[in-house]
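Engineer: Let me begin by handing over the structure; questions about it come next.
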Number of protein chains: 2
Amino acid sequence: MQRIWTTQLGSYAGERVQIAGWLHRLRQLSNVTFLILRDGQGLAQVVIDDPRLTDELANWYHESVLLVEGVVVVEPQAPGGMEIHQPSIKLLANSAEPPPFDLFRPALKAQLPTILDHAPLSLRHPRRRAQFLIASASISGFRSALQTLNFVEIQTPKIVASATEGGANVFKIDYFGTPAYLAQSPQFYKQMMVGVFERVFEIGPVFRAEPHSTTRHINEYVSLDAEMGFIDDHRTVMTTLTEVIRGMLDTVRRDAHDATALLGIDLPQVPPTIPIIHFSGAQDLIWRETGEDPRGEPDLAPAHERWLGDWVQREYGSDFLFVEGYPMAKRPFYTHPAPQHPEYSNSFDLLFRGLELVTGGQRRHLYDDYLAALATHGLPVEPFVGYLQAFKYGMPPHGGFAIGLERWVAQLTGASNIRETTLFPRDIHRLTP
Amino acid sequence: MQRIWTTQLGSYAGERVQIAGWLHRLRQLSNVTFLILRDGQGLAQVVIDDPRLTDELANWYHESVLLVEGVVVVEPQAPGGMEIHQPSIKLLANSAEPPPFDLFRPALKAQLPTILDHAPLSLRHPRRRAQFLIASASISGFRSALQTLNFVEIQTPKIVASATEGGANVFKIDYFGTPAYLAQSPQFYKQMMVGVFERVFEIGPVFRAEPHSTTRHINEYVSLDAEMGFIDDHRTVMTTLTEVIRGMLDTVRRDAHDATALLGIDLPQVPPTIPIIHFSGAQDLIWRETGEDPRGEPDLAPAHERWLGDWVQREYGSDFLFVEGYPMAKRPFYTHPAPQHPEYSNSFDLLFRGLELVTGGQRRHLYDDYLAALATHGLPVEPFVGYLQAFKYGMPPHGGFAIGLERWVAQLTGASNIRETTLFPRDIHRLTP
């Protein structure tokens, strides 16, 4: 007999079927036992009134793997409106001991470190699964939105000869006796690839050796990167990003519908045009409206980003806000200055409900500008020779953006710690499982 | 005016359009100059009969970036059957010096090390681009074939606390003062995730510190990994793999048609069922037919794989052959033995035209079997505690496979060195660009 998914039971009323999965829950009442079986897709209720079978089941711990055959019966009270009667049950693999926390409760009742220490188990909880189905759908949406716009998917190396932005916070590797580093971002490579395909994207890991521990940082994460050529300026990139965010949310809505329903998430709408405010205008606004004076600061404080999130919601009914024109002072050397006001950059952040979600901008594209910018930043040319080839042999105006996947999912699902939306997080204190 | 792609000219005959791209070639005849412009999609011919413009162009090196406006005229001799007349041309970015090799010739006339040293430039050659369009389409096909079968896309960590298979050939990292490693494969994580979603796949980098240099090995590559639960045995995995290979080739055929045409590639057909031969049967066959006696060897020699490729082509007209049942002796500890012949494993290789393309198999799934297998292999339990949780709390029979992307593209396109199908290869002698 061909096994079916628990989510397919609705099409098999009255028929004998085979399902398989994990012993999610067992509830023994006085003269009937309910077994909830969890498979890769959902849950199914199995009704057991054979006392011998009930006795046998009592020997198996939660999470044992079972093969169940039985008849599908309509039961509006059961998950999916169906349940299995007259079951025969075969044990495929016993759970060696009872799980340290219950997976059948609405939420995991354990501290985050315990949940993370037991990731192979805790990820089986329906709410945790839902978060990663949203991650997976987000990636699909990112990819298909960009492919529609003729972006080519690439994979660039993660072992690199020099630190991306010449800074600290890189992990060192011993590469056959030569020092090497883990890539902090695919920035240089995606730019080089603009010279090849004009429009490229990459979905891959990035590594940041930041030696601090916060709820918003992990040391390895998945970066959704895009870069495109022949732009007017950063505004072209912002238009593309708007389409990409819309595509990601549409795909989550379509492909992860059950997951968003289970988590009770209210997915944001992307307005036809996302409001834009200049960095200096944002500082002025905060000063006028709140009395606090951030003018002269090179960046926005998280509290001010939250204030801007409330403001754009109030004034424009938008969950999103572009802040453009961050000062050049704190931006990396490849950042393109604003032609009319070169102390500001053609860069932007996208705020989502008051939290920074995406950073992007226009990059320099002229070889001589790069040589000058490296000098200004006190950086040597030698480690950048390979990268600089792209500009030496002709590069168009270009720019791009990067979305941190785990942070995107955390903000979408309201997770309070980015570790909850990372399968196997890596932080300064955690390297396993 | 809205810029269009060179490949769209066919829809604009008689109209004035804007195109943009790189100065791919300039051919000055006595009274007319032909400029070939290359953009992210293709090539277009621009006809220049204004001597002042011709003079100006002579100042710009190949690969300079240009914006061209002109009228589209039907010309069957030109690439795409169209050319641009009465052009006005604007220089967007000069190439600072002439390229060290010509990108307009049918093949790059340079040695491989030179080509790789100049990757940001050499990748612009149409034939190199074509290889990576095939890579990109292969990935799309891999992903969509698996998503159709309810596989969930995951991203697992690349920084790990212990070497995947307890062996050598791992890159060491300094992780905040603790030794850590780069993942040799997502093997353990994809297995753990079978406990969560049953069916998962991952597209990501893997790292092998193999200290040798061959045309078939690089030290960082892209692995297309899949793993699935509730299988009968490795044959279930082979059936899935067959569908995935079919999907990859169908997508290459559809999405990378121009690329395969440019490279003159004859894409293989996947037969409804790929022939299967047992490892020991293959050895017997080689012995009977060639007189060489490989019986007793724990693996197949490359020459014998090639012989089997010829044999399956001759006997079954198939480009593909499954070899199943490799001896347990040389397989990693998680390999599932064949129940009736435990000296052989439930593993397989897929040969494509006589070359090993995919390795896969059934894995052990019972906790006690893992403890025994680790002991047999002389491996301690402690580094595997996180991984073993998956089995402690119930795991179904499962298995999977891994395809090396660069090797797949090399074999499909007939590239003689895997470095040709890697954007920025990493080997024992190469860490840049």
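The chains in the structure tokens are called A, B, ... from first to last as shown; in each chain the residues are counted from 1, and the ligands are counted from 1 in the order shown.
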Output as a short mmCIF file (atom, residue, chain, number, x, y, z; two decimals) with C-alpha atoms, in the first residue's frame the set of chain B residues within 7 Å of chain A, with distances taken over only C-alpha atoms.
Structural biologist:
data_model
loop_
_atom_site.label_atom_id
_atom_site.label_comp_id
_atom_site.auth_asym_id
_atom_site.auth_seq_id
_atom_site.Cartn_x
_atom_site.Cartn_y
_atom_site.Cartn_z
CA GLY B 40 24.31 40.54 -19.90
CA GLU B 63 35.61 46.20 -22.54
CA SER B 64 34.81 49.88 -22.12
CA VAL B 65 31.18 50.31 -21.11
CA LEU B 92 29.95 55.13 -19.34
CA ALA B 93 33.26 53.73 -18.14
CA ASN B 94 36.56 53.40 -19.90
CA SER B 95 38.61 50.24 -19.77
CA ALA B 96 41.88 51.40 -18.26
CA GLU B 97 44.02 49.16 -20.44
CA PRO B 99 42.55 43.19 -21.99
CA PRO B 120 36.66 38.84 -13.48
CA LEU B 121 37.60 39.41 -17.12
CA LEU B 123 34.28 35.05 -17.19
CA ARG B 124 32.93 37.67 -19.60
CA SER B 136 22.44 28.17 -12.81
CA VAL B 152 12.07 21.61 1.95
CA GLU B 153 15.09 23.80 1.27
CA ILE B 154 17.40 24.24 4.26
CA THR B 156 22.91 24.30 7.66
CA PRO B 157 26.05 25.61 9.37
CA VAL B 160 31.27 22.82 12.81
CA ALA B 161 32.73 21.53 16.04
CA PHE B 171 40.15 23.04 7.27
CA LYS B 172 40.69 24.32 10.79
CA ILE B 173 39.29 27.64 12.04
CA ASP B 174 40.04 29.62 15.12
CA TYR B 175 36.53 30.09 16.52
CA PHE B 176 36.89 32.62 19.33
CA MET B 192 18.94 15.46 11.47
CA MET B 193 16.51 17.47 9.36
CA GLY B 195 13.51 14.08 11.61
CA VAL B 196 11.93 17.49 11.10
CA PHE B 197 10.67 17.70 7.50
CA GLU B 198 11.31 14.13 6.26
CA GLY B 204 25.71 25.18 -0.43
CA LEU B 366 18.62 3.13 14.70
CA GLY B 386 24.28 16.36 18.87
CA TYR B 387 23.94 14.29 15.72
CA GLN B 389 20.03 12.97 19.26
CA ALA B 390 18.19 12.63 15.97
CA LYS B 392 17.85 8.71 19.99
CA TYR B 393 14.43 10.30 19.52
CA GLY B 394 13.22 8.21 16.62
CA MET B 395 14.27 8.32 12.99
CA PRO B 396 12.74 6.52 10.02
CA LEU B 423 33.69 30.81 -10.91
CA PHE B 424 36.62 31.46 -8.57
CA ILE B 428 46.11 23.98 -3.04
CA LEU B 431 43.22 31.39 -3.22
CA THR B 432 42.60 34.40 -5.49
CA PRO B 433 40.89 36.16 -7.06
#
Engineer: Would you kindly return, as JSON, numbers by chain, each protein, DNA or RNA residue with an atom no farther than 9 Å from any atom of Glu243 (chain A), considering only C-alpha atoms and excluding same-chain residues fewer than 4 positions away?
Structural biologist: {"A": [145, 146, 238, 239, 247, 248, 270]}
Engineer: Convert the current residue selection to file output with N, CA and C atoms, as a PDB file, in the first residue's frame.
Structural biologist:
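Listing of selection-v3.pdb after writing:
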ATOM      1  N   ALA A 145      11.541  36.124  -7.824  1.00  0.00           N
ATOM      2  CA  ALA A 145      11.403  37.543  -8.173  1.00  0.00           C
ATOM      3  C   ALA A 145      12.618  37.995  -8.981  1.00  0.00           C
ATOM      4  N   LEU A 146      13.797  37.565  -8.588  1.00  0.00           N
ATOM      5  CA  LEU A 146      15.011  38.002  -9.284  1.00  0.00           C
ATOM      6  C   LEU A 146      15.169  37.308 -10.634  1.00  0.00           C
ATOM      7  N   MET A 238      16.577  50.393  -5.193  1.00  0.00           N
ATOM      8  CA  MET A 238      15.445  50.410  -4.253  1.00  0.00           C
ATOM      9  C   MET A 238      14.159  49.932  -4.936  1.00  0.00           C
ATOM     10  N   THR A 239      13.989  50.293  -6.202  1.00  0.00           N
ATOM     11  CA  THR A 239      12.815  49.820  -6.951  1.00  0.00           C
ATOM     12  C   THR A 239      12.856  48.299  -7.092  1.00  0.00           C
ATOM     13  N   GLY A 247       7.724  40.024  -3.811  1.00  0.00           N
ATOM     14  CA  GLY A 247       7.744  38.632  -4.266  1.00  0.00           C
ATOM     15  C   GLY A 247       7.951  37.657  -3.110  1.00  0.00           C
ATOM     16  N   MET A 248       8.808  38.032  -2.175  1.00  0.00           N
ATOM     17  CA  MET A 248       9.051  37.159  -1.023  1.00  0.00           C
ATOM     18  C   MET A 248       7.782  37.005  -0.192  1.00  0.00           C
ATOM     19  N   VAL A 270       3.151  45.323   0.999  1.00  0.00           N
ATOM     20  CA  VAL A 270       4.136  46.261   0.463  1.00  0.00           C
ATOM     21  C   VAL A 270       3.385  47.307  -0.350  1.00  0.00           C
TER      22      VAL A 270
END
Engineer: Need to verify the contact set: Ala373 (chain A), 8 Å, only C-alpha atoms, exclusion of same-chain residues closer than 3 positions in sequence. Can you return it as a PyMOL selection string?
Structural biologist: chain A and resi 333-334+369-370+376-377
Engineer: With C-alpha atoms retained, export the selected residues as a PDB file, in the first residue's frame.
Structural biologist:
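Written output follows (out-v9.pdb):
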ATOM      1  CA  PHE A 333      35.216  52.290   0.568  1.00  0.00           C
ATOM      2  CA  TYR A 334      33.170  50.911  -2.350  1.00  0.00           C
ATOM      3  CA  ASP A 369      37.783  56.174  -7.982  1.00  0.00           C
ATOM      4  CA  TYR A 370      38.615  52.852  -6.338  1.00  0.00           C
ATOM      5  CA  THR A 376      41.480  57.708   1.521  1.00  0.00           C
ATOM      6  CA  HIS A 377      40.608  54.727   3.706  1.00  0.00           C
TER       7      HIS A 377
END
Engineer: Please report the interatomic distance between CA of Glu305 (chain B) and CA of Phe279 (chain B) in Å with one decimal.
Structural biologist: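 Taking CA of Glu305 (chain B) as the start and CA of Phe279 (chain B) as the end point, the length is 11.0 Å.
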Engineer: Select, from A:Gln283, A:Thr215, A:Ser345, A:Thr335, the residue with the minimum atom-to-atom distance to Asn417 (chain A), counting only C-alpha atoms.
Structural biologist: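 Of the candidates, the smallest distance to Asn417 (chain A) is held by A:Thr215.
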Engineer: Which neighbours of Ile286 (chain A) fall inside 8 Å, counting only C-alpha atoms, when residues of the same chain fewer than 6 positions from it are skipped, and could you give them as JSON, numbers by chain?
Structural biologist: {"A": [292, 293, 294, 304, 307, 308]}
Engineer: So how many Å separate CA of Ala303 (chain A) and CA of Met328 (chain A), to one decimal?
Structural biologist: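 Distance reported for this atom pair: 21.8 Å.
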Engineer: Using DSSP secondary structure from the backbone, list all strand (DSSP E) positions within region 341-409 of chain A, as a VMD selection string.
Structural biologist: chain A and resid 347 to 352 355 to 363 398 to 404
Engineer: Just write the chosen residues, N, CA and C atoms, as a PDB file, in the first residue's frame.
Structural biologist:
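Writing the result to selection_36.pdb gives the following:
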ATOM      1  N   SER A 347      23.512  55.353  -0.579  1.00  0.00           N
ATOM      2  CA  SER A 347      23.181  54.077   0.054  1.00  0.00           C
ATOM      3  C   SER A 347      21.837  54.205   0.765  1.00  0.00           C
ATOM      4  N   PHE A 348      21.320  53.084   1.192  1.00  0.00           N
ATOM      5  CA  PHE A 348      20.017  53.120   1.871  1.00  0.00           C
ATOM      6  C   PHE A 348      19.891  51.964   2.846  1.00  0.00           C
ATOM      7  N   ASP A 349      18.999  52.124   3.778  1.00  0.00           N
ATOM      8  CA  ASP A 349      18.526  51.018   4.609  1.00  0.00           C
ATOM      9  C   ASP A 349      17.025  50.883   4.375  1.00  0.00           C
ATOM     10  N   LEU A 350      16.524  49.669   4.428  1.00  0.00           N
ATOM     11  CA  LEU A 350      15.076  49.477   4.431  1.00  0.00           C
ATOM     12  C   LEU A 350      14.675  49.096   5.847  1.00  0.00           C
ATOM     13  N   LEU A 351      13.817  49.919   6.429  1.00  0.00           N
ATOM     14  CA  LEU A 351      13.303  49.599   7.763  1.00  0.00           C
ATOM     15  C   LEU A 351      11.972  48.878   7.621  1.00  0.00           C
ATOM     16  N   PHE A 352      11.808  47.829   8.409  1.00  0.00           N
ATOM     17  CA  PHE A 352      10.550  47.088   8.442  1.00  0.00           C
ATOM     18  C   PHE A 352      10.028  47.156   9.869  1.00  0.00           C
ATOM     19  N   LEU A 355      12.645  48.311  12.212  1.00  0.00           N
ATOM     20  CA  LEU A 355      13.900  47.560  12.351  1.00  0.00           C
ATOM     21  C   LEU A 355      14.623  47.521  11.019  1.00  0.00           C
ATOM     22  N   GLU A 356      15.918  47.699  11.042  1.00  0.00           N
ATOM     23  CA  GLU A 356      16.717  47.625   9.818  1.00  0.00           C
ATOM     24  C   GLU A 356      16.669  46.208   9.273  1.00  0.00           C
ATOM     25  N   LEU A 357      16.233  46.080   8.022  1.00  0.00           N
ATOM     26  CA  LEU A 357      16.032  44.761   7.430  1.00  0.00           C
ATOM     27  C   LEU A 357      17.011  44.515   6.282  1.00  0.00           C
ATOM     28  N   VAL A 358      17.259  45.548   5.503  1.00  0.00           N
ATOM     29  CA  VAL A 358      18.102  45.419   4.314  1.00  0.00           C
ATOM     30  C   VAL A 358      19.018  46.638   4.243  1.00  0.00           C
ATOM     31  N   THR A 359      20.258  46.399   3.837  1.00  0.00           N
ATOM     32  CA  THR A 359      21.168  47.493   3.530  1.00  0.00           C
ATOM     33  C   THR A 359      21.572  47.369   2.072  1.00  0.00           C
ATOM     34  N   GLY A 360      21.653  48.501   1.404  1.00  0.00           N
ATOM     35  CA  GLY A 360      22.050  48.460   0.002  1.00  0.00           C
ATOM     36  C   GLY A 360      22.525  49.802  -0.471  1.00  0.00           C
ATOM     37  N   GLY A 361      22.810  49.860  -1.762  1.00  0.00           N
ATOM     38  CA  GLY A 361      23.229  51.139  -2.308  1.00  0.00           C
ATOM     39  C   GLY A 361      23.930  51.005  -3.635  1.00  0.00           C
ATOM     40  N   GLN A 362      24.313  52.179  -4.143  1.00  0.00           N
ATOM     41  CA  GLN A 362      25.125  52.212  -5.348  1.00  0.00           C
ATOM     42  C   GLN A 362      26.593  52.072  -4.944  1.00  0.00           C
ATOM     43  N   ARG A 363      27.372  51.381  -5.793  1.00  0.00           N
ATOM     44  CA  ARG A 363      28.807  51.217  -5.531  1.00  0.00           C
ATOM     45  C   ARG A 363      29.580  52.109  -6.493  1.00  0.00           C
ATOM     46  N   HIS A 398      26.508  50.502 -10.864  1.00  0.00           N
ATOM     47  CA  HIS A 398      25.840  49.311 -10.343  1.00  0.00           C
ATOM     48  C   HIS A 398      25.619  49.439  -8.840  1.00  0.00           C
ATOM     49  N   GLY A 399      24.787  48.581  -8.344  1.00  0.00           N
ATOM     50  CA  GLY A 399      24.512  48.569  -6.918  1.00  0.00           C
ATOM     51  C   GLY A 399      23.741  47.323  -6.547  1.00  0.00           C
ATOM     52  N   GLY A 400      23.473  47.171  -5.273  1.00  0.00           N
ATOM     53  CA  GLY A 400      22.793  45.962  -4.834  1.00  0.00           C
ATOM     54  C   GLY A 400      22.392  46.048  -3.381  1.00  0.00           C
ATOM     55  N   PHE A 401      22.002  44.905  -2.863  1.00  0.00           N
ATOM     56  CA  PHE A 401      21.529  44.868  -1.483  1.00  0.00           C
ATOM     57  C   PHE A 401      21.720  43.483  -0.904  1.00  0.00           C
ATOM     58  N   ALA A 402      21.575  43.375   0.405  1.00  0.00           N
ATOM     59  CA  ALA A 402      21.692  42.095   1.106  1.00  0.00           C
ATOM     60  C   ALA A 402      20.634  42.021   2.201  1.00  0.00           C
ATOM     61  N   ILE A 403      19.957  40.886   2.236  1.00  0.00           N
ATOM     62  CA  ILE A 403      18.934  40.632   3.259  1.00  0.00           C
ATOM     63  C   ILE A 403      19.430  39.487   4.127  1.00  0.00           C
ATOM     64  N   GLY A 404      19.439  39.666   5.426  1.00  0.00           N
ATOM     65  CA  GLY A 404      19.784  38.567   6.326  1.00  0.00           C
ATOM     66  C   GLY A 404      18.551  37.688   6.532  1.00  0.00           C
TER      67      GLY A 404
END
Engineer: Smallest atom-to-atom distance to Ile36 (chain A): which of A:Thr6, A:Ser318, A:Thr413, A:Gln18, using only C-alpha atoms?
Structural biologist: A:Thr6
Engineer: Which of region 56-267 of chain B counts as helix (DSSP H, G or I) under DSSP, as a ChimeraX atom specification please?
Structural biologist: /B:56-57,79-81,112-117,119-122,126-148,187-197,234-255,257-263
Engineer: Enter the distance from CA of Pro275 (chain B) to CA of Arg246 (chain B), in Å, rounded to one decimal.
Structural biologist: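 Between CA of Pro275 (chain B) and CA of Arg246 (chain B) the gap works out to 14.6 Å.
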Engineer: Looking at only C-alpha atoms, which of B:Val72, B:Val244, B:Ile89, B:Leu9 is the one that sits closest to Thr148 (chain B)?
Structural biologist: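 Using only C-alpha atoms, the shortest distance to Thr148 (chain B) belongs to B:Val244.
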Engineer: Hey, what's within 9 Å of Ile134 (chain B) if we count only C-alpha atoms and toss same-chain stuff fewer than 3 positions away? As an MDAnalysis selection string, please?
Structural biologist: chainID B and resid 129:131 137:139 252:253 255:257 259:260 409 412:413
Engineer: Quick one: write out the picked residues with N, CA and C atoms as a PDB file, in the first residue's frame?
Structural biologist:
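Result file follows (again11.pdb):
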ATOM      1  N   ARG B 129      30.625  32.287 -19.911  1.00  0.00           N
ATOM      2  CA  ARG B 129      29.289  32.636 -19.411  1.00  0.00           C
ATOM      3  C   ARG B 129      28.320  31.475 -19.608  1.00  0.00           C
ATOM      4  N   ALA B 130      28.406  30.843 -20.791  1.00  0.00           N
ATOM      5  CA  ALA B 130      27.466  29.760 -21.105  1.00  0.00           C
ATOM      6  C   ALA B 130      27.573  28.638 -20.074  1.00  0.00           C
ATOM      7  N   GLN B 131      28.801  28.337 -19.643  1.00  0.00           N
ATOM      8  CA  GLN B 131      28.953  27.252 -18.658  1.00  0.00           C
ATOM      9  C   GLN B 131      28.239  27.581 -17.350  1.00  0.00           C
ATOM     10  N   ALA B 137      21.002  27.014 -14.411  1.00  0.00           N
ATOM     11  CA  ALA B 137      19.800  26.262 -14.802  1.00  0.00           C
ATOM     12  C   ALA B 137      19.775  24.897 -14.112  1.00  0.00           C
ATOM     13  N   SER B 138      20.934  24.289 -13.925  1.00  0.00           N
ATOM     14  CA  SER B 138      20.992  22.991 -13.244  1.00  0.00           C
ATOM     15  C   SER B 138      20.479  23.115 -11.815  1.00  0.00           C
ATOM     16  N   ILE B 139      20.884  24.183 -11.153  1.00  0.00           N
ATOM     17  CA  ILE B 139      20.425  24.425  -9.791  1.00  0.00           C
ATOM     18  C   ILE B 139      18.918  24.636  -9.760  1.00  0.00           C
ATOM     19  N   VAL B 252      17.890  22.665 -17.926  1.00  0.00           N
ATOM     20  CA  VAL B 252      19.017  23.149 -18.742  1.00  0.00           C
ATOM     21  C   VAL B 252      18.560  23.290 -20.193  1.00  0.00           C
ATOM     22  N   ARG B 253      17.852  22.281 -20.678  1.00  0.00           N
ATOM     23  CA  ARG B 253      17.357  22.297 -22.055  1.00  0.00           C
ATOM     24  C   ARG B 253      16.474  23.524 -22.294  1.00  0.00           C
ATOM     25  N   ASP B 255      15.995  26.431 -20.067  1.00  0.00           N
ATOM     26  CA  ASP B 255      16.448  27.768 -19.635  1.00  0.00           C
ATOM     27  C   ASP B 255      17.830  28.138 -20.145  1.00  0.00           C
ATOM     28  N   ALA B 256      18.614  27.159 -20.574  1.00  0.00           N
ATOM     29  CA  ALA B 256      19.976  27.468 -21.018  1.00  0.00           C
ATOM     30  C   ALA B 256      20.161  26.987 -22.452  1.00  0.00           C
ATOM     31  N   HIS B 257      19.110  27.146 -23.232  1.00  0.00           N
ATOM     32  CA  HIS B 257      19.147  26.645 -24.603  1.00  0.00           C
ATOM     33  C   HIS B 257      20.254  27.305 -25.421  1.00  0.00           C
ATOM     34  N   ALA B 259      22.912  28.703 -24.349  1.00  0.00           N
ATOM     35  CA  ALA B 259      24.226  28.324 -23.809  1.00  0.00           C
ATOM     36  C   ALA B 259      24.642  26.946 -24.324  1.00  0.00           C
ATOM     37  N   THR B 260      23.737  25.997 -24.329  1.00  0.00           N
ATOM     38  CA  THR B 260      24.098  24.655 -24.819  1.00  0.00           C
ATOM     39  C   THR B 260      24.362  24.706 -26.321  1.00  0.00           C
ATOM     40  N   VAL B 409      28.635  20.155 -14.181  1.00  0.00           N
ATOM     41  CA  VAL B 409      28.709  21.058 -15.340  1.00  0.00           C
ATOM     42  C   VAL B 409      29.903  20.699 -16.219  1.00  0.00           C
ATOM     43  N   LEU B 412      28.927  17.697 -18.237  1.00  0.00           N
ATOM     44  CA  LEU B 412      27.893  18.028 -19.216  1.00  0.00           C
ATOM     45  C   LEU B 412      28.475  18.814 -20.379  1.00  0.00           C
ATOM     46  N   THR B 413      29.439  19.699 -20.081  1.00  0.00           N
ATOM     47  CA  THR B 413      29.969  20.581 -21.123  1.00  0.00           C
ATOM     48  C   THR B 413      31.284  20.079 -21.697  1.00  0.00           C
TER      49      THR B 413
END
